[in-house]
Amino acid sequence: MPKHVRQNALNCLFKTAPGECEHWPVIRQGIMDGLADEDYNFAEESLSLHAKLFNSGTSHSTAELYTSLSGHLVQHFQSSATYHVQMRSGLDTAHKNTRCLLRRFMLLSIFQHDITSFWIRCPERYMIQPITQTIELLSLSGPEEGCMQPVHFLSLFDHKALWFRKWLHGCFSRNLVINAMRKFDQFLKCAIECVSSVVIPDLAPEDIYSSFTYSWRQLKYLQFVHSANVIANVVQYKAGRDLIRSATNGNGVVEIMKKLILTMSLDNCVFNLLDSSLHPQTIISELLREIIVSGEECRKLLSNEQVLETLLQPLLDLPKWTTKCIQAVCDILSLLTSYSVGSIQLINTTISFKETTMSMASVIGEQCKDLMGGRVKDLTQRDKDVLSALLFLARQIYTTHEGLAVMSRVNIVSLANELLSVSGDLTPQPPVLPPETENKEPENCFEEILVDNMLGFASTPKGLLFLYQGGMLDQCIEYLYQRKCKKLQVSKTQKFGYGYMVSQIVGIPAGLQALERCGFIRQLSQNLWWLLENGGPPAPVEVPLTQPPDPYFEGVVLKAMTSLIQVLISYDSLHSILTVPHSLVSLDPELFRQPEPLTIHDILQRIIFIDSPSKSKSLMNYDIMQIFGLRILSVLLSCLDTLLYFVDTHDIIRYLLKCQEDSQVEGKIVIDDASIERNRILVRSTVLGGYTEKVIPPRLTKETMSDEYPFTLFHEMKLPECYITSPPSCSEAKDDVKLSAMLHTETSSDSWLDKTRSFVLAACRKPSFTGHVGLMEVVLKYQLQDSSAPFTAIKLDESPESKSDDQMKISGLEYGCQMIVKYGVRLKLLSPTTEPQSVEQLCKCTARALLAQQHNAPRSIKFDWFVCVVYLLFGGQIPRIRSFLSSFSTTLTSSYLWSLRLLNSAQVKQDIASSGLTVTHYNACHSMERVLQKALPKVACAFRISGMSPSHVVKRWINSCFLNILPWNEICNYVLIVVSEGPVYQVLYCMALLKHLETRLLHHSTQHTLLYDVLEEPVQGFVLANYLDYITSLDKEFGAMLRRDLADFNLNCDEGQ
């Protein structure tokens, strides 16, 4: 065809709108011929036409134009008559033909990135041909060996294969791409071969600094980068992984991952001259991170034992590898370990290290230990960088319960404390930052990195104990507060906020004391005060708000109240703050002249106990503050230990009754939010009982405010009958006929013990069964015969009084004994003539015995709810109770069921006893959290989201022996099954309760009220018989692990037996 005809046709196409073009198959062939025209100028004009029509074309024309361009390139590389570039000669971009070819690939690359936006609006038939032709083009190898392939040219413009990622992203195009790769399999095979067998060439300095040419080394390296990105994107999808397996005839995916990891070790000095984004370590680490976050199956792939061994090689011999390589490996492993599949595999997979075999997690801990053995000033910058990376990885391991069990052997906390003791203590003050610097991560020094990584231990109860033992608790809390002041996340790697971490920290008395010292409590109380009094952040105000905060405590007010409760939730920690050196009942005239409360004492005096005119007059929003304080008090008094403490120090029951009496008008109590809240507290605090034994009146809601309140409000000690239900008779059951026969026929203790346990489990499967003391005494008798006692028996003095009783202080003894006797009489467990003095004498007797075994012989102890439950179980028979408690105190089960048994005991190491933590908290509750994460992950997540540690809930249940939580028959079954089966069933019993509450907990977590519901409300509808199969299944799965962990709580062998 003459040139002028072709030129006129091309000019017409330039003037024609893309939508007016018809007969695209004919036009496409013509413009393809134009691209291949021997006339350079005409070919360039044809390329310009493609660019023009692409910018203003429709989806149909875009597909046709892309097909035209890619088809032209396919023909170019299939023909031996066209211009080809030899690899060994390099690529000279100044050459005329090379520049022409590069312009076509540049436009093709632009097409590839933008064409996906047209696919959404066009039929599938417009997608098939462009996709198929692109894969066909990239599968070509050229007419001669040694020629540059299409993939070499494309990698110059898109070395990270971003076009391929876009094409695979949408389901509408992914299937078509996979099918095209299956048809033209050479594309994938070449990529696999490039990654698997081709060694990345060493770049020469002249390769780096050349401006107009690409050497063959650079071209091969860019091909490797492009191929690695293609494979990394294919691996993320199941169909892609299947395609790789079929292309490699076996387990090619694992081998490819190993090869990619090995390339991270390359550190030729010339690579450092490259842009950091093109460094092999940067490229591969980014790809592996993308694979990890893409899905569970990909994480399982990288958690393969062979892949992990390859990935861990740089950590086995640190001096041999570069710092960048070690940091990249630690970064990848940290991300993988943040998921359960990676963490479990790293903990369970063993590897040879230092002529022994240990888990991969232990290897990481040992390397941290080796680097931390010296002093900070002796560490080189490389050592600090490597140690920071290793600690970051170790943190991801020990923040899980399984990982903590492995890493605890290394004693990282003590080593870190020794390092910091040389460089000086970190005592950061809360900085005042300008607004533009908030929410930005600071450049941390090495010491701050150490503290940041140690803070991860505070996410579990046992890790919190390790922080205390290692002497880093104060430093970690100060660092936490420093980050909070800067409005940063609690820690750079944690997946939860301040609430959950703080709720764990206050579980230890030293934790709450450190929070108050560093200013955390001060900031919390100031923000809370300004919110309630002024409705916003601290700012000068002259008059109260015209619209006070919502009295139903939603939104920001609810969040503030939750933050305060998270701090005050632990009785042991709260008691340690309130007993020194302030007095809760004293009123300081200067207190009310301060603009806001500053300490926990101030919070209690000015928000909760508003019991004088001077206090009420100092408040701008008295009504709101009163209701807010009552809501806080309601949660605090749901803990029986806190209730007895406030009865002792503030006579809280009479104070609430006096407030009710003062709110009367014409002899009737005014029904409002405050009186109803006080009424709820009084009902729950004056009588014991589960949901079937008493009725807790509801609160007023927006929906029920206009309705008549159905319950009687009272202002006297006697509870109205409308709150008392008629519980079923709970008298002690007779021994079963089968059990009586066993007592007379069995002589072997081993056989009898097994049969008795089987009988107990079978009996508990009956919903009407109530455990009784006859079974407990028999089981305990044969348990002591079957195994040696781990503890010495406590000596219960039979004398009713002792000279030391006047100096001994039992919190709330009188009121607690009155509650127990009333409860027992109401359930007909005790005779109506029973006096509280009998329980008081028993409590004093056991308190003397427990105090005698404690370190430093303190003179105060908590009220013992377990002893009171035993008192009710035995119907007040003091001799049988003494005998049972003395024998039971020698068993391992007693240290968990009887929470005060080893509190501050000389039978436990001094550093554990001085922490104030009970074995129940740091061992049983820790194990419960470990099982909860695996068995009920949704419940565990609900607690984390709500900023509440489940260990505090379970600890409160166990300490009170489920009084006010469960009805009496279930409490009996709980004590019986734990005495019979051991402390493992205590953990599993709590798991069954959480399983029963799962739906309720998930609902309240969405309403941000989980903390209030689980602490204030009794458990309704729980029957052990309905969950015994669930408990048995948990025992099969976790029993061996729990028995091992619960038997080990660091006994002091010199004093323990």
# chains A, B, ... in the order shown; residues from 1 in each chain; ligands from 1
call {"tool": "residues_around", "arguments": {"residues": "segment 567-576 of chain A", "least_positions_apart": "4", "cutoff": "9 Å", "atoms": "only C-alpha atoms", "output": "list in words"}}
result
Gly499, Val502, Ser503, Ile505, Val506, Gly507, Ile508, Pro509, Ala510, Gly511, Leu512, Gln513, Leu515, Ile521, Thr562, Ser563, Val580, Ile600, Val635, Leu636, Cys639, Asp641, Thr642, Tyr645, Gly916, Leu917, His952 and Arg956 of chain A
call {"tool": "write_last_selection", "arguments": {"atoms": "N, CA and C atoms", "output": "PDB file, in the first residue's frame"}}
result
ATOM      1  N   GLY A 499      -5.986   0.026  78.175  1.00  0.00           N
ATOM      2  CA  GLY A 499      -6.873  -0.585  79.152  1.00  0.00           C
ATOM      3  C   GLY A 499      -6.483  -1.988  79.528  1.00  0.00           C
ATOM      4  N   VAL A 502      -3.097  -2.033  81.418  1.00  0.00           N
ATOM      5  CA  VAL A 502      -3.237  -1.490  82.770  1.00  0.00           C
ATOM      6  C   VAL A 502      -3.982  -2.455  83.671  1.00  0.00           C
ATOM      7  N   SER A 503      -5.013  -3.117  83.139  1.00  0.00           N
ATOM      8  CA  SER A 503      -5.766  -4.069  83.952  1.00  0.00           C
ATOM      9  C   SER A 503      -4.891  -5.247  84.379  1.00  0.00           C
ATOM     10  N   ILE A 505      -1.510  -4.865  84.826  1.00  0.00           N
ATOM     11  CA  ILE A 505      -0.494  -4.288  85.725  1.00  0.00           C
ATOM     12  C   ILE A 505      -1.036  -4.117  87.130  1.00  0.00           C
ATOM     13  N   VAL A 506      -2.295  -3.666  87.271  1.00  0.00           N
ATOM     14  CA  VAL A 506      -2.830  -3.420  88.619  1.00  0.00           C
ATOM     15  C   VAL A 506      -3.103  -4.717  89.359  1.00  0.00           C
ATOM     16  N   GLY A 507      -2.906  -5.856  88.712  1.00  0.00           N
ATOM     17  CA  GLY A 507      -3.070  -7.127  89.415  1.00  0.00           C
ATOM     18  C   GLY A 507      -2.030  -7.340  90.492  1.00  0.00           C
ATOM     19  N   ILE A 508      -0.937  -6.604  90.429  1.00  0.00           N
ATOM     20  CA  ILE A 508       0.113  -6.703  91.436  1.00  0.00           C
ATOM     21  C   ILE A 508       0.158  -5.378  92.195  1.00  0.00           C
ATOM     22  N   PRO A 509       0.201  -5.398  93.525  1.00  0.00           N
ATOM     23  CA  PRO A 509       0.181  -4.139  94.279  1.00  0.00           C
ATOM     24  C   PRO A 509       1.253  -3.149  93.851  1.00  0.00           C
ATOM     25  N   ALA A 510       2.447  -3.648  93.577  1.00  0.00           N
ATOM     26  CA  ALA A 510       3.522  -2.743  93.148  1.00  0.00           C
ATOM     27  C   ALA A 510       3.183  -2.062  91.832  1.00  0.00           C
ATOM     28  N   GLY A 511       2.355  -2.685  91.020  1.00  0.00           N
ATOM     29  CA  GLY A 511       1.968  -2.083  89.749  1.00  0.00           C
ATOM     30  C   GLY A 511       1.105  -0.850  89.933  1.00  0.00           C
ATOM     31  N   LEU A 512       0.094  -0.936  90.788  1.00  0.00           N
ATOM     32  CA  LEU A 512      -0.764   0.224  91.046  1.00  0.00           C
ATOM     33  C   LEU A 512       0.011   1.326  91.746  1.00  0.00           C
ATOM     34  N   GLN A 513       0.904   0.963  92.651  1.00  0.00           N
ATOM     35  CA  GLN A 513       1.717   1.970  93.330  1.00  0.00           C
ATOM     36  C   GLN A 513       2.614   2.709  92.342  1.00  0.00           C
ATOM     37  N   LEU A 515       1.950   3.108  89.129  1.00  0.00           N
ATOM     38  CA  LEU A 515       1.076   3.954  88.315  1.00  0.00           C
ATOM     39  C   LEU A 515       0.779   5.269  89.010  1.00  0.00           C
ATOM     40  N   ILE A 521      -2.175   7.952  87.506  1.00  0.00           N
ATOM     41  CA  ILE A 521      -3.432   8.139  88.239  1.00  0.00           C
ATOM     42  C   ILE A 521      -3.804   9.623  88.275  1.00  0.00           C
ATOM     43  N   THR A 562     -14.867   3.471  82.681  1.00  0.00           N
ATOM     44  CA  THR A 562     -14.198   2.189  82.482  1.00  0.00           C
ATOM     45  C   THR A 562     -12.713   2.304  82.801  1.00  0.00           C
ATOM     46  N   SER A 563     -12.090   3.405  82.397  1.00  0.00           N
ATOM     47  CA  SER A 563     -10.666   3.593  82.675  1.00  0.00           C
ATOM     48  C   SER A 563     -10.394   3.637  84.173  1.00  0.00           C
ATOM     49  N   VAL A 580      -1.758   3.035 103.319  1.00  0.00           N
ATOM     50  CA  VAL A 580      -0.571   3.831 103.649  1.00  0.00           C
ATOM     51  C   VAL A 580      -0.557   5.109 102.835  1.00  0.00           C
ATOM     52  N   ILE A 600      -5.819   8.404  94.296  1.00  0.00           N
ATOM     53  CA  ILE A 600      -6.950   7.490  94.475  1.00  0.00           C
ATOM     54  C   ILE A 600      -7.739   7.871  95.722  1.00  0.00           C
ATOM     55  N   VAL A 635     -19.511  -1.346  91.185  1.00  0.00           N
ATOM     56  CA  VAL A 635     -18.537  -2.299  90.648  1.00  0.00           C
ATOM     57  C   VAL A 635     -17.527  -2.690  91.719  1.00  0.00           C
ATOM     58  N   LEU A 636     -17.063  -1.724  92.511  1.00  0.00           N
ATOM     59  CA  LEU A 636     -16.080  -2.033  93.544  1.00  0.00           C
ATOM     60  C   LEU A 636     -16.643  -2.996  94.582  1.00  0.00           C
ATOM     61  N   CYS A 639     -16.947  -6.959  94.515  1.00  0.00           N
ATOM     62  CA  CYS A 639     -15.881  -7.781  95.101  1.00  0.00           C
ATOM     63  C   CYS A 639     -16.124  -7.855  96.606  1.00  0.00           C
ATOM     64  N   ASP A 641     -14.270  -8.844  99.045  1.00  0.00           N
ATOM     65  CA  ASP A 641     -13.166  -8.342  99.867  1.00  0.00           C
ATOM     66  C   ASP A 641     -13.207  -6.820  99.969  1.00  0.00           C
ATOM     67  N   THR A 642     -13.484  -6.145  98.848  1.00  0.00           N
ATOM     68  CA  THR A 642     -13.590  -4.686  98.875  1.00  0.00           C
ATOM     69  C   THR A 642     -14.777  -4.247  99.716  1.00  0.00           C
ATOM     70  N   TYR A 645     -13.813  -4.388 103.317  1.00  0.00           N
ATOM     71  CA  TYR A 645     -12.853  -3.324 103.643  1.00  0.00           C
ATOM     72  C   TYR A 645     -13.570  -1.989 103.834  1.00  0.00           C
ATOM     73  N   GLY A 916       2.887 -10.067  96.493  1.00  0.00           N
ATOM     74  CA  GLY A 916       1.476  -9.964  96.837  1.00  0.00           C
ATOM     75  C   GLY A 916       0.570 -10.763  95.925  1.00  0.00           C
ATOM     76  N   LEU A 917       1.147 -11.473  94.957  1.00  0.00           N
ATOM     77  CA  LEU A 917       0.356 -12.310  94.052  1.00  0.00           C
ATOM     78  C   LEU A 917       0.119 -13.676  94.678  1.00  0.00           C
ATOM     79  N   HIS A 952      -8.507 -11.328  86.048  1.00  0.00           N
ATOM     80  CA  HIS A 952      -9.081 -10.632  87.197  1.00  0.00           C
ATOM     81  C   HIS A 952     -10.474 -11.163  87.519  1.00  0.00           C
ATOM     82  N   ARG A 956     -11.309 -13.167  90.994  1.00  0.00           N
ATOM     83  CA  ARG A 956     -12.366 -12.729  91.914  1.00  0.00           C
ATOM     84  C   ARG A 956     -13.333 -13.874  92.192  1.00  0.00           C
TER      85      ARG A 956
END
call {"tool": "residues_around", "arguments": {"residues": "Gln381 of chain A", "least_positions_apart": "5", "cutoff": "12 Å", "atoms": "only C-alpha atoms", "output": "PyMOL selection string"}}
result
chain A and resi 323+376+386-388+445-446
call {"tool": "write_last_selection", "arguments": {"atoms": "all heavy atoms", "output": "PDB file, in the first residue's frame"}}
result
ATOM      1  N   THR A 323      24.480  -7.151  59.713  1.00  0.00           N
ATOM      2  CA  THR A 323      23.427  -6.599  60.563  1.00  0.00           C
ATOM      3  C   THR A 323      22.115  -6.465  59.803  1.00  0.00           C
ATOM      4  O   THR A 323      21.047  -6.774  60.328  1.00  0.00           O
ATOM      5  CB  THR A 323      23.864  -5.225  61.103  1.00  0.00           C
ATOM      6  OG1 THR A 323      25.095  -5.366  61.809  1.00  0.00           O
ATOM      7  CG2 THR A 323      22.812  -4.651  62.038  1.00  0.00           C
ATOM      8  N   VAL A 376      26.253  -2.176  78.858  1.00  0.00           N
ATOM      9  CA  VAL A 376      25.859  -1.345  77.730  1.00  0.00           C
ATOM     10  C   VAL A 376      27.080  -0.680  77.090  1.00  0.00           C
ATOM     11  O   VAL A 376      27.203  -0.625  75.861  1.00  0.00           O
ATOM     12  CB  VAL A 376      24.832  -0.278  78.170  1.00  0.00           C
ATOM     13  CG1 VAL A 376      24.595   0.725  77.059  1.00  0.00           C
ATOM     14  CG2 VAL A 376      23.523  -0.949  78.557  1.00  0.00           C
ATOM     15  N   VAL A 386      21.704  -5.551  66.613  1.00  0.00           N
ATOM     16  CA  VAL A 386      21.311  -6.972  66.563  1.00  0.00           C
ATOM     17  C   VAL A 386      20.470  -7.336  67.775  1.00  0.00           C
ATOM     18  O   VAL A 386      19.444  -8.020  67.658  1.00  0.00           O
ATOM     19  CB  VAL A 386      22.565  -7.866  66.468  1.00  0.00           C
ATOM     20  CG1 VAL A 386      22.188  -9.339  66.637  1.00  0.00           C
ATOM     21  CG2 VAL A 386      23.269  -7.657  65.142  1.00  0.00           C
ATOM     22  N   LEU A 387      20.876  -6.879  68.962  1.00  0.00           N
ATOM     23  CA  LEU A 387      20.127  -7.189  70.177  1.00  0.00           C
ATOM     24  C   LEU A 387      18.729  -6.581  70.130  1.00  0.00           C
ATOM     25  O   LEU A 387      17.745  -7.212  70.558  1.00  0.00           O
ATOM     26  CB  LEU A 387      20.884  -6.675  71.398  1.00  0.00           C
ATOM     27  CG  LEU A 387      20.234  -6.927  72.757  1.00  0.00           C
ATOM     28  CD1 LEU A 387      19.960  -8.403  72.973  1.00  0.00           C
ATOM     29  CD2 LEU A 387      21.099  -6.369  73.884  1.00  0.00           C
ATOM     30  N   SER A 388      18.611  -5.363  69.597  1.00  0.00           N
ATOM     31  CA  SER A 388      17.290  -4.739  69.477  1.00  0.00           C
ATOM     32  C   SER A 388      16.383  -5.562  68.577  1.00  0.00           C
ATOM     33  O   SER A 388      15.202  -5.766  68.885  1.00  0.00           O
ATOM     34  CB  SER A 388      17.435  -3.321  68.928  1.00  0.00           C
ATOM     35  OG  SER A 388      18.198  -2.514  69.794  1.00  0.00           O
ATOM     36  N   CYS A 445      16.365   5.600  71.854  1.00  0.00           N
ATOM     37  CA  CYS A 445      17.711   5.143  72.116  1.00  0.00           C
ATOM     38  C   CYS A 445      17.664   3.674  72.512  1.00  0.00           C
ATOM     39  O   CYS A 445      16.602   3.092  72.691  1.00  0.00           O
ATOM     40  CB  CYS A 445      18.343   5.986  73.223  1.00  0.00           C
ATOM     41  SG  CYS A 445      17.520   5.825  74.820  1.00  0.00           S
ATOM     42  N   PHE A 446      18.843   3.089  72.633  1.00  0.00           N
ATOM     43  CA  PHE A 446      18.910   1.659  72.909  1.00  0.00           C
ATOM     44  C   PHE A 446      18.244   1.308  74.233  1.00  0.00           C
ATOM     45  O   PHE A 446      17.562   0.290  74.354  1.00  0.00           O
ATOM     46  CB  PHE A 446      20.373   1.215  72.911  1.00  0.00           C
ATOM     47  CG  PHE A 446      20.563  -0.221  73.295  1.00  0.00           C
ATOM     48  CD1 PHE A 446      20.176  -1.247  72.445  1.00  0.00           C
ATOM     49  CD2 PHE A 446      21.120  -0.558  74.519  1.00  0.00           C
ATOM     50  CE1 PHE A 446      20.347  -2.568  72.800  1.00  0.00           C
ATOM     51  CE2 PHE A 446      21.298  -1.876  74.884  1.00  0.00           C
ATOM     52  CZ  PHE A 446      20.909  -2.888  74.014  1.00  0.00           C
TER      53      PHE A 446
END
call {"tool": "residues_around", "arguments": {"residues": "segment 105-110 of chain A", "least_positions_apart": "3", "cutoff": "8 Å", "atoms": "only C-alpha atoms", "output": "compact mmCIF listing (two decimals) with all heavy atoms, in the first residue's frame"}}
result
# COMPACT_ATOMS: atom_id res chain seq x y z
N ALA A 51 -1.30 6.06 22.05
CA ALA A 51 -1.31 6.83 23.29
C ALA A 51 -2.50 7.79 23.33
O ALA A 51 -3.16 7.94 24.37
CB ALA A 51 0.00 7.59 23.44
N TYR A 66 -4.84 -2.11 23.37
CA TYR A 66 -3.86 -2.90 24.12
C TYR A 66 -3.54 -4.19 23.37
O TYR A 66 -2.38 -4.61 23.29
CB TYR A 66 -4.41 -3.23 25.51
CG TYR A 66 -3.41 -3.99 26.36
CD1 TYR A 66 -2.45 -3.31 27.09
CD2 TYR A 66 -3.42 -5.38 26.41
CE1 TYR A 66 -1.51 -4.00 27.86
CE2 TYR A 66 -2.50 -6.07 27.17
CZ TYR A 66 -1.55 -5.37 27.89
OH TYR A 66 -0.63 -6.05 28.63
N LEU A 69 -1.14 -3.34 20.54
CA LEU A 69 0.24 -3.10 20.96
C LEU A 69 0.93 -4.39 21.39
O LEU A 69 2.07 -4.66 20.98
CB LEU A 69 0.25 -2.07 22.09
CG LEU A 69 1.63 -1.67 22.64
CD1 LEU A 69 2.51 -1.10 21.54
CD2 LEU A 69 1.46 -0.66 23.78
N SER A 70 0.25 -5.20 22.22
CA SER A 70 0.86 -6.44 22.67
C SER A 70 1.03 -7.43 21.51
O SER A 70 2.02 -8.17 21.45
CB SER A 70 0.02 -7.06 23.78
OG SER A 70 -1.30 -7.30 23.33
N LEU A 101 11.92 0.55 20.72
CA LEU A 101 11.36 -0.61 21.43
C LEU A 101 11.01 -0.27 22.88
O LEU A 101 9.99 -0.71 23.41
CB LEU A 101 12.37 -1.76 21.36
CG LEU A 101 11.86 -3.18 21.60
CD1 LEU A 101 10.73 -3.52 20.64
CD2 LEU A 101 13.00 -4.18 21.46
N LEU A 102 11.86 0.53 23.50
CA LEU A 102 11.61 0.91 24.88
C LEU A 102 10.34 1.75 25.01
O LEU A 102 9.59 1.63 25.99
CB LEU A 102 12.80 1.68 25.44
CG LEU A 102 14.06 0.87 25.76
CD1 LEU A 102 15.20 1.79 26.14
CD2 LEU A 102 13.78 -0.14 26.86
N HIS A 113 -1.15 -0.95 33.86
CA HIS A 113 -1.57 -0.42 35.16
C HIS A 113 -2.97 0.18 35.12
O HIS A 113 -3.70 0.12 36.11
CB HIS A 113 -0.58 0.66 35.63
CG HIS A 113 0.71 0.11 36.13
ND1 HIS A 113 1.75 -0.28 35.30
CD2 HIS A 113 1.15 -0.15 37.39
CE1 HIS A 113 2.75 -0.74 36.02
NE2 HIS A 113 2.42 -0.67 37.30
N ASP A 114 -3.35 0.75 33.98
CA ASP A 114 -4.63 1.46 33.91
C ASP A 114 -5.77 0.63 33.35
O ASP A 114 -6.94 0.99 33.54
CB ASP A 114 -4.47 2.73 33.07
CG ASP A 114 -3.53 3.74 33.72
OD1 ASP A 114 -3.26 3.58 34.93
OD2 ASP A 114 -3.07 4.67 33.03
N PHE A 153 12.68 -6.20 29.12
CA PHE A 153 12.25 -4.84 28.82
C PHE A 153 11.19 -4.35 29.81
O PHE A 153 11.23 -3.21 30.28
CB PHE A 153 11.69 -4.77 27.39
CG PHE A 153 12.73 -4.86 26.32
CD1 PHE A 153 13.05 -6.06 25.71
CD2 PHE A 153 13.41 -3.72 25.92
CE1 PHE A 153 14.01 -6.13 24.73
CE2 PHE A 153 14.38 -3.77 24.92
CZ PHE A 153 14.69 -4.98 24.33
N LEU A 154 10.23 -5.23 30.12
CA LEU A 154 9.15 -4.82 31.02
C LEU A 154 9.67 -4.54 32.43
O LEU A 154 9.19 -3.64 33.12
CB LEU A 154 8.06 -5.89 31.05
CG LEU A 154 6.76 -5.51 31.75
CD1 LEU A 154 6.13 -4.31 31.06
CD2 LEU A 154 5.79 -6.68 31.76
N PHE A 157 10.73 -0.98 33.43
CA PHE A 157 9.71 0.01 33.78
C PHE A 157 8.90 -0.39 35.02
O PHE A 157 8.36 0.48 35.69
CB PHE A 157 8.76 0.21 32.60
CG PHE A 157 9.43 0.68 31.35
CD1 PHE A 157 9.72 -0.19 30.31
CD2 PHE A 157 9.81 2.01 31.21
CE1 PHE A 157 10.35 0.25 29.16
CE2 PHE A 157 10.43 2.46 30.06
CZ PHE A 157 10.71 1.57 29.04
N ASP A 158 8.84 -1.66 35.31
CA ASP A 158 8.03 -2.12 36.45
C ASP A 158 8.70 -3.35 37.05
O ASP A 158 8.24 -4.47 36.90
CB ASP A 158 6.60 -2.44 35.99
CG ASP A 158 5.67 -2.77 37.15
OD1 ASP A 158 6.08 -2.58 38.30
OD2 ASP A 158 4.55 -3.23 36.89
N TRP A 163 1.87 -4.34 37.88
CA TRP A 163 0.78 -4.65 36.95
C TRP A 163 0.21 -6.03 37.24
O TRP A 163 -1.01 -6.24 37.22
CB TRP A 163 1.28 -4.58 35.50
CG TRP A 163 2.25 -5.69 35.15
CD1 TRP A 163 3.60 -5.67 35.31
CD2 TRP A 163 1.91 -6.96 34.59
NE1 TRP A 163 4.16 -6.86 34.89
CE2 TRP A 163 3.13 -7.67 34.44
CE3 TRP A 163 0.73 -7.58 34.20
CZ2 TRP A 163 3.19 -8.96 33.92
CZ3 TRP A 163 0.78 -8.87 33.68
CH2 TRP A 163 2.00 -9.55 33.54
call {"tool": "residues_around", "arguments": {"residues": "Glu693 of chain A", "least_positions_apart": "4", "cutoff": "7 Å", "atoms": "only C-alpha atoms", "output": "list of chain:residue names"}}
result
A:Gly689, A:Ile724, A:Thr725, A:Ser726, A:Pro727, A:Pro967
call {"tool": "select_by_dssp", "arguments": {"residues": "segment 229-461 of chain A", "states": "strand (DSSP E or B)", "output": "number ranges by chain"}}
result
A: 350-353, 356-359
call {"tool": "residues_around", "arguments": {"residues": "His76 of chain A", "least_positions_apart": "3", "cutoff": "12 Å", "atoms": "only C-alpha atoms", "output": "tab-separated table (two decimals) with C-alpha atoms, in the first residue's frame"}}
result
chain	number	residue	atom	x	y	z
A	32	MET	CA	-0.39	-3.03	14.10
A	33	ASP	CA	1.17	-2.83	10.67
A	35	LEU	CA	3.80	-0.01	14.46
A	36	ALA	CA	5.94	-2.44	12.46
A	37	ASP	CA	6.49	-0.04	9.54
A	69	LEU	CA	0.24	-3.10	20.96
A	70	SER	CA	0.86	-6.44	22.67
A	71	GLY	CA	0.20	-8.30	19.41
A	72	HIS	CA	2.78	-6.16	17.64
A	73	LEU	CA	5.37	-7.00	20.33
A	79	SER	CA	10.33	-12.79	14.01
A	80	SER	CA	14.03	-13.32	13.36
A	81	ALA	CA	14.10	-10.44	10.88
A	82	THR	CA	13.47	-7.72	13.45
A	83	TYR	CA	15.93	-5.92	15.70
A	84	HIS	CA	17.03	-7.84	18.82
A	101	LEU	CA	11.36	-0.61	21.43
A	104	ARG	CA	6.53	0.57	23.11
A	137	LEU	CA	4.30	-12.15	25.12
A	140	LEU	CA	8.54	-15.72	24.64
A	141	SER	CA	12.28	-16.21	24.82
A	142	GLY	CA	13.28	-14.57	21.54
A	143	PRO	CA	14.30	-16.07	18.19
A	149	GLN	CA	13.35	-11.24	26.30
A	150	PRO	CA	10.16	-9.21	26.74
call {"tool": "atom_distance", "arguments": {"atom1": "atom CA of Leu467 of chain A", "atom2": "atom CA of Leu318 of chain A"}}
result
27.5 Å
call {"tool": "residues_around", "arguments": {"residues": "Gly252 of chain A", "least_positions_apart": "6", "cutoff": "10 Å", "atoms": "only C-alpha atoms", "output": "PyMOL selection string"}}
result
chain A and resi 192+196+241-242+244-246+258
call {"tool": "write_last_selection", "arguments": {"atoms": "N, CA and C atoms", "output": "short mmCIF file (atom, residue, chain, number, x, y, z; two decimals), in the first residue's frame"}}
result
data_model
loop_
_atom_site.label_atom_id
_atom_site.label_comp_id
_atom_site.auth_asym_id
_atom_site.auth_seq_id
_atom_site.Cartn_x
_atom_site.Cartn_y
_atom_site.Cartn_z
N ILE A 192 10.26 -19.15 37.71
CA ILE A 192 10.73 -20.10 38.73
C ILE A 192 12.20 -20.42 38.51
N SER A 196 15.08 -19.83 41.18
CA SER A 196 15.58 -21.05 41.79
C SER A 196 17.02 -21.37 41.42
N ARG A 241 -0.76 -21.42 43.83
CA ARG A 241 0.10 -22.43 44.43
C ARG A 241 -0.03 -23.77 43.71
N ASP A 242 -1.25 -24.11 43.34
CA ASP A 242 -1.45 -25.34 42.56
C ASP A 242 -0.73 -25.25 41.22
N ILE A 244 2.01 -23.58 40.59
CA ILE A 244 3.45 -23.75 40.81
C ILE A 244 3.78 -25.22 41.03
N ARG A 245 2.94 -25.92 41.78
CA ARG A 245 3.20 -27.35 42.02
C ARG A 245 3.17 -28.14 40.72
N SER A 246 2.22 -27.82 39.85
CA SER A 246 2.15 -28.54 38.57
C SER A 246 3.32 -28.17 37.68
N LYS A 258 12.51 -21.23 50.08
CA LYS A 258 13.87 -21.38 50.64
C LYS A 258 14.88 -20.61 49.80
#
call {"tool": "residues_around", "arguments": {"residues": "His926 of chain A", "least_positions_apart": "2", "cutoff": "7 Å", "atoms": "only C-alpha atoms", "output": "NGL selection string"}}
result
:A and (460-462 or 921-924 or 928-930 or 951)
